[in-house]
file my_file.pdb (PDB, C-alpha atoms and all ligand atoms)
MODEL        1
ATOM      1  CA  MET Z   1      11.621  -2.309  20.389
ATOM      2  CA  THR Z   2       8.281  -3.922  19.688
ATOM      3  CA  CYS Z   3       6.407  -0.838  18.507
ATOM      4  CA  GLU Z   4       3.264  -1.586  20.438
ATOM      5  CA  LEU Z   5       0.732   1.035  21.400
ATOM      6  CA  THR Z   6      -1.930   0.057  23.915
ATOM      7  CA  ILE Z   7      -4.837   2.358  24.664
ATOM      8  CA  GLU Z   8      -6.875   1.525  27.740
ATOM      9  CA  ALA Z   9     -10.287   2.985  28.657
ATOM     10  CA  LEU Z  10      -9.272   6.389  27.299
ATOM     11  CA  HIS Z  11     -11.503   9.432  27.811
ATOM     12  CA  TYR Z  12     -11.131  13.077  26.944
ATOM     13  CA  ARG Z  13     -13.499  15.885  27.801
ATOM     14  CA  TYR Z  14     -12.887  19.491  26.761
ATOM     15  CA  ALA Z  15     -13.723  22.097  29.382
ATOM     16  CA  GLY Z  16     -17.449  22.730  29.178
ATOM     17  CA  GLY Z  17     -17.921  20.131  26.432
ATOM     18  CA  SER Z  18     -19.116  16.558  26.230
ATOM     19  CA  ASP Z  19     -16.822  13.552  25.807
ATOM     20  CA  ALA Z  20     -14.708  14.045  22.660
ATOM     21  CA  VAL Z  21     -13.212  10.578  23.239
ATOM     22  CA  ALA Z  22     -14.950   7.987  25.386
ATOM     23  CA  ASP Z  23     -14.067   4.524  26.647
ATOM     24  CA  LEU Z  24     -11.549   3.846  23.896
ATOM     25  CA  ASN Z  25      -9.589   0.571  23.970
ATOM     26  CA  LEU Z  26      -7.185  -0.277  21.176
ATOM     27  CA  ARG Z  27      -3.983  -2.236  20.668
ATOM     28  CA  LEU Z  28      -1.832  -1.381  17.654
ATOM     29  CA  GLY Z  29       1.379  -2.836  16.222
ATOM     30  CA  PRO Z  30       3.754  -2.115  13.291
ATOM     31  CA  GLY Z  31       2.251  -1.200   9.908
ATOM     32  CA  ILE Z  32      -0.171   1.448   8.696
ATOM     33  CA  VAL Z  33      -3.300   1.854  10.763
ATOM     34  CA  GLY Z  34      -6.073   3.843   9.143
ATOM     35  CA  LEU Z  35      -8.065   5.839  11.688
ATOM     36  CA  LEU Z  36     -11.256   6.677   9.888
ATOM     37  CA  GLY Z  37     -14.173   8.752  11.103
ATOM     38  CA  PRO Z  38     -16.376  11.696  10.133
ATOM     39  CA  ASN Z  39     -15.512  15.243  11.201
ATOM     40  CA  GLY Z  40     -15.975  15.620  14.939
ATOM     41  CA  ALA Z  41     -15.503  11.883  15.629
ATOM     42  CA  GLY Z  42     -12.627  12.551  18.051
ATOM     43  CA  LYS Z  43      -9.689  11.564  15.834
ATOM     44  CA  SER Z  44      -7.607  14.721  16.385
ATOM     45  CA  THR Z  45      -8.259  14.627  20.104
ATOM     46  CA  LEU Z  46      -7.019  11.031  20.200
ATOM     47  CA  MET Z  47      -3.946  11.933  18.094
ATOM     48  CA  ARG Z  48      -3.112  14.816  20.444
ATOM     49  CA  MET Z  49      -3.294  12.507  23.451
ATOM     50  CA  LEU Z  50      -1.055   9.976  21.703
ATOM     51  CA  ALA Z  51       1.408  12.751  20.848
ATOM     52  CA  THR Z  52       1.416  13.747  24.571
ATOM     53  CA  LEU Z  53       0.170  17.274  23.744
ATOM     54  CA  ILE Z  54      -2.910  16.883  25.938
ATOM     55  CA  LYS Z  55      -3.483  14.589  28.916
ATOM     56  CA  PRO Z  56      -6.334  12.058  28.987
ATOM     57  CA  SER Z  57      -9.187  12.874  31.388
ATOM     58  CA  LYS Z  58      -9.233   9.155  32.246
ATOM     59  CA  GLY Z  59      -7.520   5.975  31.081
ATOM     60  CA  ARG Z  60      -3.969   5.451  29.887
ATOM     61  CA  VAL Z  61      -1.727   4.884  26.903
ATOM     62  CA  LEU Z  62       1.233   2.496  26.947
ATOM     63  CA  TRP Z  63       4.073   2.663  24.440
ATOM     64  CA  ASP Z  64       6.018  -0.592  24.492
ATOM     65  CA  GLY Z  65       4.532  -1.259  27.905
ATOM     66  CA  VAL Z  66       5.477   2.137  29.408
ATOM     67  CA  ASP Z  67       2.713   4.510  30.555
ATOM     68  CA  ILE Z  68       3.223   7.705  28.524
ATOM     69  CA  ALA Z  69       1.769   9.879  31.287
ATOM     70  CA  LYS Z  70       4.479   8.677  33.679
ATOM     71  CA  ASN Z  71       7.296   8.738  31.136
ATOM     72  CA  PRO Z  72       6.362  10.971  28.168
ATOM     73  CA  ASP Z  73       9.988  11.299  27.032
ATOM     74  CA  ALA Z  74      10.227   7.584  26.178
ATOM     75  CA  LEU Z  75       7.450   8.052  23.636
ATOM     76  CA  ARG Z  76       8.488  11.541  22.482
ATOM     77  CA  ALA Z  77      11.949  10.256  21.538
ATOM     78  CA  GLN Z  78      10.238   7.764  19.214
ATOM     79  CA  LEU Z  79       7.485  10.035  17.923
ATOM     80  CA  GLY Z  80       7.030  11.822  14.601
ATOM     81  CA  TYR Z  81       3.883  13.935  14.358
ATOM     82  CA  LEU Z  82       2.295  15.778  11.465
ATOM     83  CA  PRO Z  83      -0.594  17.784  12.919
ATOM     84  CA  GLN Z  84      -3.595  18.861  10.886
ATOM     85  CA  ASP Z  85      -2.779  22.560  11.040
ATOM     86  CA  PHE Z  86       0.897  22.219  10.245
ATOM     87  CA  GLY Z  87       2.307  25.726   9.717
ATOM     88  CA  ILE Z  88       5.431  26.396   7.711
ATOM     89  CA  TYR Z  89       7.657  29.411   7.300
ATOM     90  CA  GLU Z  90       7.087  30.624   3.751
ATOM     91  CA  ALA Z  91      10.348  32.549   3.516
ATOM     92  CA  LEU Z  92      12.614  29.637   4.507
ATOM     93  CA  SER Z  93      13.980  27.064   2.108
ATOM     94  CA  ALA Z  94      13.031  23.442   2.778
ATOM     95  CA  ARG Z  95      16.525  22.742   4.071
ATOM     96  CA  GLU Z  96      16.548  25.818   6.365
ATOM     97  CA  PHE Z  97      13.164  24.850   7.753
ATOM     98  CA  LEU Z  98      14.305  21.313   8.526
ATOM     99  CA  ALA Z  99      17.556  22.626  10.053
ATOM    100  CA  TYR Z 100      15.504  24.875  12.315
ATOM    101  CA  LEU Z 101      13.263  22.000  13.430
ATOM    102  CA  ALA Z 102      16.246  19.680  13.881
ATOM    103  CA  ALA Z 103      17.678  22.271  16.292
ATOM    104  CA  VAL Z 104      14.328  22.550  18.113
ATOM    105  CA  LYS Z 105      14.246  18.753  18.420
ATOM    106  CA  GLY Z 106      17.786  18.760  19.818
ATOM    107  CA  LEU Z 107      19.491  16.881  16.989
ATOM    108  CA  PRO Z 108      23.262  17.455  17.234
ATOM    109  CA  ASN Z 109      24.450  19.797  14.457
ATOM    110  CA  ALA Z 110      26.921  17.298  13.092
ATOM    111  CA  LYS Z 111      24.199  14.721  12.563
ATOM    112  CA  ALA Z 112      21.491  17.096  11.384
ATOM    113  CA  ARG Z 113      22.907  17.834   7.928
ATOM    114  CA  ALA Z 114      23.074  14.209   6.827
ATOM    115  CA  ARG Z 115      19.700  13.445   8.407
ATOM    116  CA  ILE Z 116      18.048  16.379   6.606
ATOM    117  CA  ASP Z 117      19.355  15.039   3.277
ATOM    118  CA  GLU Z 118      18.000  11.584   4.128
ATOM    119  CA  CYS Z 119      14.589  12.972   5.053
ATOM    120  CA  LEU Z 120      14.371  15.113   1.899
ATOM    121  CA  ALA Z 121      15.248  12.023  -0.145
ATOM    122  CA  ALA Z 122      12.671   9.899   1.709
ATOM    123  CA  VAL Z 123       9.880  12.281   0.684
ATOM    124  CA  GLY Z 124      11.169  12.780  -2.876
ATOM    125  CA  LEU Z 125      12.239  16.406  -2.386
ATOM    126  CA  SER Z 126      16.033  16.193  -2.708
ATOM    127  CA  GLU Z 127      15.991  18.496  -5.726
ATOM    128  CA  ALA Z 128      13.756  21.063  -4.033
ATOM    129  CA  GLY Z 129      15.761  21.447  -0.800
ATOM    130  CA  ASP Z 130      16.905  24.989  -1.579
ATOM    131  CA  ARG Z 131      13.579  26.290  -2.842
ATOM    132  CA  ARG Z 132      11.402  28.600  -0.726
ATOM    133  CA  LEU Z 133       8.536  26.824   1.024
ATOM    134  CA  GLY Z 134       6.268  29.661  -0.110
ATOM    135  CA  ASP Z 135       6.633  28.340  -3.662
ATOM    136  CA  PHE Z 136       5.710  24.739  -2.742
ATOM    137  CA  SER Z 137       2.465  23.064  -3.868
ATOM    138  CA  GLY Z 138       0.084  21.663  -1.259
ATOM    139  CA  GLY Z 139       1.425  18.154  -1.821
ATOM    140  CA  MET Z 140       5.036  19.284  -1.437
ATOM    141  CA  ARG Z 141       4.166  21.074   1.804
ATOM    142  CA  GLN Z 142       2.651  17.892   3.195
ATOM    143  CA  ARG Z 143       5.749  15.970   2.158
ATOM    144  CA  ILE Z 144       7.917  18.505   4.000
ATOM    145  CA  GLY Z 145       5.582  17.949   6.942
ATOM    146  CA  ILE Z 146       6.429  14.259   6.793
ATOM    147  CA  ALA Z 147      10.143  15.043   6.375
ATOM    148  CA  GLN Z 148      10.148  17.040   9.639
ATOM    149  CA  ALA Z 149       8.267  14.215  11.373
ATOM    150  CA  LEU Z 150      10.981  11.791  10.221
ATOM    151  CA  LEU Z 151      13.971  13.813  11.515
ATOM    152  CA  ASN Z 152      14.352  11.696  14.646
ATOM    153  CA  ASP Z 153      13.753   8.416  12.750
ATOM    154  CA  PRO Z 154      10.568   7.749  14.749
ATOM    155  CA  GLN Z 155       9.068   4.345  15.493
ATOM    156  CA  LEU Z 156       5.658   5.940  15.875
ATOM    157  CA  LEU Z 157       4.512   8.237  13.079
ATOM    158  CA  ILE Z 158       1.196  10.048  13.526
ATOM    159  CA  VAL Z 159      -0.303  11.927  10.587
ATOM    160  CA  ASP Z 160      -3.563  13.798  11.092
ATOM    161  CA  GLU Z 161      -5.746  14.329   7.983
ATOM    162  CA  PRO Z 162      -2.702  14.731   5.697
ATOM    163  CA  THR Z 163      -4.539  14.575   2.378
ATOM    164  CA  VAL Z 164      -6.986  17.437   2.988
ATOM    165  CA  GLY Z 165      -6.664  19.999   0.197
ATOM    166  CA  LEU Z 166      -4.477  17.811  -2.022
ATOM    167  CA  ASP Z 167      -5.397  17.194  -5.637
ATOM    168  CA  PRO Z 168      -5.946  13.539  -6.687
ATOM    169  CA  GLU Z 169      -2.436  13.098  -8.076
ATOM    170  CA  GLU Z 170      -0.747  14.520  -4.978
ATOM    171  CA  ARG Z 171      -3.017  12.436  -2.775
ATOM    172  CA  LEU Z 172      -1.960   9.261  -4.576
ATOM    173  CA  ARG Z 173       1.700  10.181  -4.268
ATOM    174  CA  PHE Z 174       1.287  10.893  -0.574
ATOM    175  CA  ARG Z 175      -0.344   7.495   0.036
ATOM    176  CA  HIS Z 176       2.534   5.744  -1.716
ATOM    177  CA  LEU Z 177       4.991   7.690   0.398
ATOM    178  CA  LEU Z 178       3.335   6.496   3.608
ATOM    179  CA  THR Z 179       3.399   2.901   2.382
ATOM    180  CA  ASP Z 180       7.117   3.194   1.603
ATOM    181  CA  LEU Z 181       7.829   4.633   5.043
ATOM    182  CA  ALA Z 182       5.878   2.128   7.090
ATOM    183  CA  GLY Z 183       8.340  -0.774   7.339
ATOM    184  CA  GLN Z 184       8.699  -1.724  10.990
ATOM    185  CA  ARG Z 185       7.194   1.553  12.185
ATOM    186  CA  LEU Z 186       3.700   2.087  13.468
ATOM    187  CA  VAL Z 187       2.058   4.711  11.254
ATOM    188  CA  ILE Z 188      -1.312   6.087  12.343
ATOM    189  CA  LEU Z 189      -3.077   7.804   9.469
ATOM    190  CA  SER Z 190      -6.145   9.726  10.485
ATOM    191  CA  THR Z 191      -8.579  10.659   7.737
ATOM    192  CA  HIS Z 192     -12.250  11.016   6.847
ATOM    193  CA  ILE Z 193     -11.545   9.829   3.292
ATOM    194  CA  VAL Z 194     -12.098   6.116   2.762
ATOM    195  CA  SER Z 195      -9.849   5.857  -0.288
ATOM    196  CA  ASP Z 196      -6.835   7.111   1.762
ATOM    197  CA  VAL Z 197      -7.228   4.089   3.997
ATOM    198  CA  GLU Z 198      -8.121   1.676   1.221
ATOM    199  CA  ALA Z 199      -4.863   2.383  -0.568
ATOM    200  CA  SER Z 200      -2.468   1.988   2.320
ATOM    201  CA  ALA Z 201      -3.826   0.607   5.598
ATOM    202  CA  THR Z 202      -3.813  -3.056   6.588
ATOM    203  CA  ASP Z 203      -5.399  -2.336   9.953
ATOM    204  CA  LEU Z 204      -8.476  -0.166  10.291
ATOM    205  CA  ALA Z 205     -10.014   1.622  13.267
ATOM    206  CA  VAL Z 206     -13.248   3.562  12.844
ATOM    207  CA  MET Z 207     -14.351   6.235  15.298
ATOM    208  CA  ALA Z 208     -17.691   8.021  15.428
ATOM    209  CA  LYS Z 209     -19.115  10.235  18.175
ATOM    210  CA  GLY Z 210     -16.007   9.791  20.314
ATOM    211  CA  ARG Z 211     -16.098   6.013  20.397
ATOM    212  CA  LEU Z 212     -14.355   3.189  18.619
ATOM    213  CA  ARG Z 213     -16.910   1.528  16.337
ATOM    214  CA  PHE Z 214     -14.717  -0.983  14.522
ATOM    215  CA  HIS Z 215     -11.194  -2.358  14.700
ATOM    216  CA  GLY Z 216      -9.909  -5.020  12.348
ATOM    217  CA  ALA Z 217      -8.856  -5.724   8.793
ATOM    218  CA  PRO Z 218     -10.651  -3.628   6.143
ATOM    219  CA  GLU Z 219     -12.051  -6.830   4.631
ATOM    220  CA  GLN Z 220     -13.741  -7.642   7.945
ATOM    221  CA  LEU Z 221     -15.611  -4.336   7.798
ATOM    222  CA  VAL Z 222     -16.552  -5.066   4.186
ATOM    223  CA  ALA Z 223     -17.879  -8.493   5.248
ATOM    224  CA  GLN Z 224     -20.220  -6.807   7.770
ATOM    225  CA  ALA Z 225     -21.957  -4.984   4.902
ATOM    226  CA  GLN Z 226     -22.607  -8.148   2.893
ATOM    227  CA  GLY Z 227     -26.310  -8.260   1.950
ATOM    228  CA  HIS Z 228     -26.793  -4.538   2.644
ATOM    229  CA  VAL Z 229     -25.769  -2.918  -0.654
ATOM    230  CA  TRP Z 230     -27.797  -2.493  -3.866
ATOM    231  CA  ASP Z 231     -27.198  -1.124  -7.311
ATOM    232  CA  TRP Z 232     -30.210   0.833  -8.533
ATOM    233  CA  LEU Z 233     -30.697   2.554 -11.862
ATOM    234  CA  VAL Z 234     -33.168   5.446 -11.576
ATOM    235  CA  ALA Z 235     -34.295   8.488 -13.556
ATOM    236  CA  ASP Z 236     -32.379  11.583 -12.441
ATOM    237  CA  THR Z 237     -35.653  13.306 -11.474
ATOM    238  CA  ARG Z 238     -36.077  10.747  -8.650
ATOM    239  CA  VAL Z 239     -32.631  11.115  -7.085
ATOM    240  CA  ALA Z 240     -33.398  14.044  -4.759
ATOM    241  CA  GLU Z 241     -36.381  12.228  -3.244
ATOM    242  CA  ILE Z 242     -34.494   8.918  -2.936
ATOM    243  CA  ARG Z 243     -31.690  10.696  -1.075
ATOM    244  CA  THR Z 244     -34.124  11.742   1.641
ATOM    245  CA  GLN Z 245     -35.149   8.114   2.230
ATOM    246  CA  HIS Z 246     -32.002   6.052   1.650
ATOM    247  CA  GLN Z 247     -28.284   6.113   2.327
ATOM    248  CA  ILE Z 248     -26.430   6.563  -0.965
ATOM    249  CA  SER Z 249     -22.776   5.568  -0.965
ATOM    250  CA  SER Z 250     -22.142   6.682  -4.550
ATOM    251  CA  SER Z 251     -23.953   7.869  -7.647
ATOM    252  CA  LEU Z 252     -22.944   7.897 -11.267
ATOM    253  CA  ARG Z 253     -24.790  10.045 -13.784
ATOM    254  CA  ARG Z 254     -25.149   8.437 -17.220
ATOM    255  CA  ALA Z 255     -25.350  10.064 -20.643
ATOM    256  CA  ASP Z 256     -28.986   8.917 -21.113
ATOM    257  CA  GLY Z 257     -30.182  10.949 -18.086
ATOM    258  CA  SER Z 258     -30.401   8.004 -15.681
ATOM    259  CA  VAL Z 259     -28.368   7.708 -12.503
ATOM    260  CA  ARG Z 260     -26.741   4.575 -11.136
ATOM    261  CA  LEU Z 261     -26.997   4.600  -7.335
ATOM    262  CA  ARG Z 262     -25.368   2.423  -4.726
ATOM    263  CA  VAL Z 263     -27.740   2.205  -1.818
ATOM    264  CA  VAL Z 264     -26.824   0.926   1.654
ATOM    265  CA  GLY Z 265     -29.489  -0.247   4.074
ATOM    266  CA  GLU Z 266     -31.248  -2.915   6.087
ATOM    267  CA  ARG Z 267     -33.337  -4.086   3.110
ATOM    268  CA  SER Z 268     -33.616  -3.656  -0.647
ATOM    269  CA  PRO Z 269     -34.816  -0.145  -1.615
ATOM    270  CA  SER Z 270     -36.851  -1.435  -4.602
ATOM    271  CA  ASP Z 271     -37.685  -4.553  -6.617
ATOM    272  CA  GLU Z 272     -35.674  -2.979  -9.437
ATOM    273  CA  ALA Z 273     -32.502  -2.799  -7.307
ATOM    274  CA  GLN Z 274     -29.858  -5.525  -7.625
ATOM    275  CA  ALA Z 275     -27.891  -6.801  -4.632
ATOM    276  CA  VAL Z 276     -24.138  -6.195  -5.101
ATOM    277  CA  ALA Z 277     -20.939  -7.008  -3.215
ATOM    278  CA  PRO Z 278     -19.966  -4.213  -0.805
ATOM    279  CA  ASP Z 279     -16.759  -2.192  -1.088
ATOM    280  CA  LEU Z 280     -15.063  -0.346   1.782
ATOM    281  CA  GLU Z 281     -16.928   2.914   1.084
ATOM    282  CA  ASP Z 282     -20.281   1.082   1.342
ATOM    283  CA  ALA Z 283     -19.180  -0.754   4.477
ATOM    284  CA  TYR Z 284     -18.063   2.468   6.201
ATOM    285  CA  LEU Z 285     -21.400   4.141   5.383
ATOM    286  CA  TRP Z 286     -23.284   1.075   6.643
ATOM    287  CA  LEU Z 287     -21.350   1.208   9.921
ATOM    288  CA  LEU Z 288     -22.042   4.951  10.364
ATOM    289  CA  THR Z 289     -25.713   4.432   9.538
ATOM    290  CA  ARG Z 290     -25.947   1.884  12.345
ATOM    291  CA  VAL Z 291     -24.110   4.249  14.753
ATOM    292  CA  ASP Z 292     -26.585   7.029  13.889
ATOM    293  CA  ALA Z 293     -29.481   4.660  14.576
ATOM    294  CA  THR Z 294     -28.302   4.088  18.171
TER     295      THR Z 294
HETATM  296  P1  LIG F 301     -12.065  14.891  14.418
HETATM  297  O1  LIG F 301     -10.582  15.053  14.441
HETATM  298  O2  LIG F 301     -12.498  13.462  14.264
HETATM  299  O3  LIG F 301     -12.741  15.802  13.426
HETATM  300  P2  LIG F 301     -12.017  16.266  16.993
HETATM  301  O4  LIG F 301     -11.143  15.471  17.902
HETATM  302  O5  LIG F 301     -11.422  17.490  16.360
HETATM  303  O6  LIG F 301     -12.636  15.305  15.871
HETATM  304  O7  LIG F 301     -13.319  16.727  17.771
HETATM  305  C1  LIG F 301     -14.066  15.837  18.614
HETATM  306  C2  LIG F 301     -15.124  16.641  19.370
HETATM  307  O8  LIG F 301     -14.485  17.524  20.275
HETATM  308  C3  LIG F 301     -15.982  17.514  18.473
HETATM  309  O9  LIG F 301     -17.295  17.516  18.998
HETATM  310  C4  LIG F 301     -15.370  18.880  18.599
HETATM  311  O10 LIG F 301     -16.338  19.887  18.411
HETATM  312  C5  LIG F 301     -14.848  18.879  20.025
HETATM  313  N1  LIG F 301     -13.638  19.718  20.177
HETATM  314  C6  LIG F 301     -12.492  19.622  19.451
HETATM  315  N2  LIG F 301     -11.586  20.523  19.865
HETATM  316  C7  LIG F 301     -12.171  21.217  20.873
HETATM  317  C8  LIG F 301     -11.760  22.303  21.736
HETATM  318  N3  LIG F 301     -10.540  22.835  21.634
HETATM  319  N4  LIG F 301     -12.635  22.751  22.664
HETATM  320  C9  LIG F 301     -13.875  22.188  22.795
HETATM  321  N5  LIG F 301     -14.322  21.184  22.028
HETATM  322  C10 LIG F 301     -13.498  20.697  21.084
ENDMDL
END
call {"tool": "encode", "arguments": {"input": "my_file.pdb", "output": "structure tokens"}}
result
Amino acid sequence: MTCELTIEALHYRYAGGSDAVADLNLRLGPGIVGLLGPNGAGKSTLMRMLATLIKPSKGRVLWDGVDIAKNPDALRAQLGYLPQDFGIYEALSAREFLAYLAAVKGLPNAKARARIDECLAAVGLSEAGDRRLGDFSGGMRQRIGIAQALLNDPQLLIVDEPTVGLDPEERLRFRHLLTDLAGQRLVILSTHIVSDVEASATDLAVMAKGRLRFHGAPEQLVAQAQGHVWDWLVADTRVAEIRTQHQISSSLRRADGSVRLRVVGERSPSDEAQAVAPDLEDAYLWLLTRVDAT
């Protein structure tokens, strides 16, 4: 088992729509891959193709060298998937819910019990196994989502926008959980939140408008933004106007009524602005700005 996913010239077009995914080539190996892109970039469509829920319009996907269109079961046996709109049964306990899904996934009864305990432990919910899912917090629900994705001990774990709706503490906990789980697996974490990726991914793919715009180490993306980021202290009355003319990656309001802006662009926004080293948030915005310009 080498845990290698190869995506070749992949396209997907919804009936009556334009290309949701176009000409996508990507080779991924073990570890956490952050798939970053704004809403509508095509991330979910790509995830659904990888999970064999929809078939590519063109191109192919190989899992350990095997075409998943020709042999979907080889991938499905190794797949754990947490979709974006993961629904749970409020009235069931966590353990009942996992037992139900273990049965759906065809896990033999004798094995299921021990595996459910392992999965609850892996997501830090051993103590909550007999509580109703209806009483779970958003973060606990997402962890149960991961627990169900782990039932078959998958080599490929796909999680689609898992941190949406989580509070900062739960989000942090969830990122740590993914890092703990990665090991020799390939984990694909799709998100539009840069800090999700920053905290856990060693490999980064960025999609926008259906296409792959970057693939590499996060620091390589950061390097691309070198010389394109400025720190600029302005009066708060100017901020609205500046926003219409420049790309702002962050702003910090100060007690004295001024605002510290980080501006991303081709050239310095003002003689008063100081060049600064880019971070991943700046670099992502700089990449998207260039995509929008094309
Ligand atoms: P992301 O997950 O990055 O937000 P999606 O894969 O959901 O992006 O969407 C990519 C594009 O495909 C968007 O333009 C979206 O409007 C379109 N799209 C998504 N789902 C459907 C659908 N079921 N029917 C038609 N168009 C869709």
call {"tool": "residues_around", "arguments": {"input": "my_file.pdb", "residues": "segment 182-188 of chain Z", "least_positions_apart": "4", "cutoff": "12 Å", "atoms": "all atoms listed in the file", "output": "PyMOL selection string"}}
result
chain Z and resi 1-5+27-36+43-44+46-47+50-51+63-64+78-83+122+146+149-150+153-162+175-178+196-197+200-205
call {"tool": "residues_near_ligand", "arguments": {"input": "my_file.pdb", "ligand": "ligand LIG 301 (chain F)", "cutoff": "6 Å", "atoms": "all atoms listed in the file", "output": "list of chain:residue names"}}
result
Z:Tyr14, Z:Gly17, Z:Ala20, Z:Gly37, Z:Pro38, Z:Asn39, Z:Gly40, Z:Ala41, Z:Gly42, Z:Lys43, Z:Ser44, Z:Thr45
call {"tool": "closest_residue", "arguments": {"input": "my_file.pdb", "among": "Z:Ala208, Z:Val194, Z:Ala102, Z:Leu261", "to": "Asp236 of chain Z", "atoms": "all atoms listed in the file"}}
result
Z:Leu261
call {"tool": "residues_around", "arguments": {"input": "my_file.pdb", "residues": "segment 214-229 of chain Z", "least_positions_apart": "2", "cutoff": "7 Å", "atoms": "only C-alpha atoms", "output": "CSV table (one decimal) with C-alpha atoms, in the coordinates of the input"}}
result
chain,number,residue,atom,x,y,z
Z,202,THR,CA,-3.8,-3.1,6.6
Z,203,ASP,CA,-5.4,-2.3,10.0
Z,204,LEU,CA,-8.5,-0.2,10.3
Z,205,ALA,CA,-10.0,1.6,13.3
Z,206,VAL,CA,-13.2,3.6,12.8
Z,212,LEU,CA,-14.4,3.2,18.6
Z,262,ARG,CA,-25.4,2.4,-4.7
Z,263,VAL,CA,-27.7,2.2,-1.8
Z,264,VAL,CA,-26.8,0.9,1.7
Z,265,GLY,CA,-29.5,-0.2,4.1
Z,266,GLU,CA,-31.2,-2.9,6.1
Z,267,ARG,CA,-33.3,-4.1,3.1
Z,275,ALA,CA,-27.9,-6.8,-4.6
Z,276,VAL,CA,-24.1,-6.2,-5.1
Z,277,ALA,CA,-20.9,-7.0,-3.2
Z,278,PRO,CA,-20.0,-4.2,-0.8
Z,279,ASP,CA,-16.8,-2.2,-1.1
Z,280,LEU,CA,-15.1,-0.3,1.8
Z,283,ALA,CA,-19.2,-0.8,4.5
Z,286,TRP,CA,-23.3,1.1,6.6
call {"tool": "residues_near_point", "arguments": {"input": "my_file.pdb", "point": "(12.0, 27.8, 6.5)", "cutoff": "12 Å", "atoms": "all atoms listed in the file", "output": "list in words"}}
result
Gly87, Ile88, Tyr89, Glu90, Ala91, Leu92, Ser93, Ala94, Arg95, Glu96, Phe97, Leu98, Ala99, Tyr100, Leu101, Ala102, Gly129, Asp130, Arg131, Arg132, Leu133, Gly134, Asp135, Phe136, Arg141, Ile144, Gly145 and Gln148 of chain Z
call {"tool": "closest_residue", "arguments": {"input": "my_file.pdb", "among": "Z:Ile193, Z:Ala199, Z:Val61, Z:Thr294", "to": "Arg173 of chain Z", "atoms": "all atoms listed in the file"}}
result
Z:Ala199
call {"tool": "closest_residue", "arguments": {"input": "my_file.pdb", "among": "Z:Thr289, Z:Thr52, Z:Gln245, Z:Ser57", "to": "Pro72 of chain Z", "atoms": "only C-alpha atoms"}}
result
Z:Thr52
call {"tool": "atom_distance", "arguments": {"input": "my_file.pdb", "atom1": "atom CA of Pro168 of chain Z", "atom2": "atom CA of Glu198 of chain Z"}}
result
14.4 Å
call {"tool": "decode", "arguments": {"input": "my_file.pdb", "residues": "segment 63-95 of chain Z", "atoms": "C-alpha atoms", "output": "tab-separated table (two decimals), in the first residue's frame"}}
result
chain	number	residue	atom	x	y	z
Z	63	TRP	CA	-5.61	5.07	-6.40
Z	64	ASP	CA	-2.36	3.16	-5.97
Z	65	GLY	CA	-2.19	2.88	-9.73
Z	66	VAL	CA	-5.75	1.51	-10.18
Z	67	ASP	CA	-8.30	3.55	-12.15
Z	68	ILE	CA	-11.18	4.18	-9.72
Z	69	ALA	CA	-13.74	4.30	-12.54
Z	70	LYS	CA	-12.83	0.74	-13.54
Z	71	ASN	CA	-12.49	-0.58	-10.00
Z	72	PRO	CA	-14.31	1.72	-7.53
Z	73	ASP	CA	-14.42	-0.96	-4.82
Z	74	ALA	CA	-10.62	-0.95	-4.44
Z	75	LEU	CA	-10.78	2.70	-3.43
Z	76	ARG	CA	-14.06	2.48	-1.49
Z	77	ALA	CA	-12.60	-0.22	0.77
Z	78	GLN	CA	-9.84	2.25	1.70
Z	79	LEU	CA	-11.96	5.39	1.85
Z	80	GLY	CA	-13.28	7.41	4.79
Z	81	TYR	CA	-15.40	10.41	3.82
Z	82	LEU	CA	-16.85	13.24	5.86
Z	83	PRO	CA	-19.09	15.23	3.51
Z	84	GLN	CA	-19.93	18.88	4.04
Z	85	ASP	CA	-23.60	18.26	4.77
Z	86	PHE	CA	-23.09	15.35	7.12
Z	87	GLY	CA	-26.47	14.51	8.69
Z	88	ILE	CA	-26.80	12.70	11.98
Z	89	TYR	CA	-29.69	11.06	13.76
Z	90	GLU	CA	-30.42	13.25	16.77
Z	91	ALA	CA	-32.23	10.56	18.73
Z	92	LEU	CA	-29.45	7.96	18.53
Z	93	SER	CA	-26.54	7.73	20.93
Z	94	ALA	CA	-23.07	8.09	19.44
Z	95	ARG	CA	-22.49	4.36	19.83
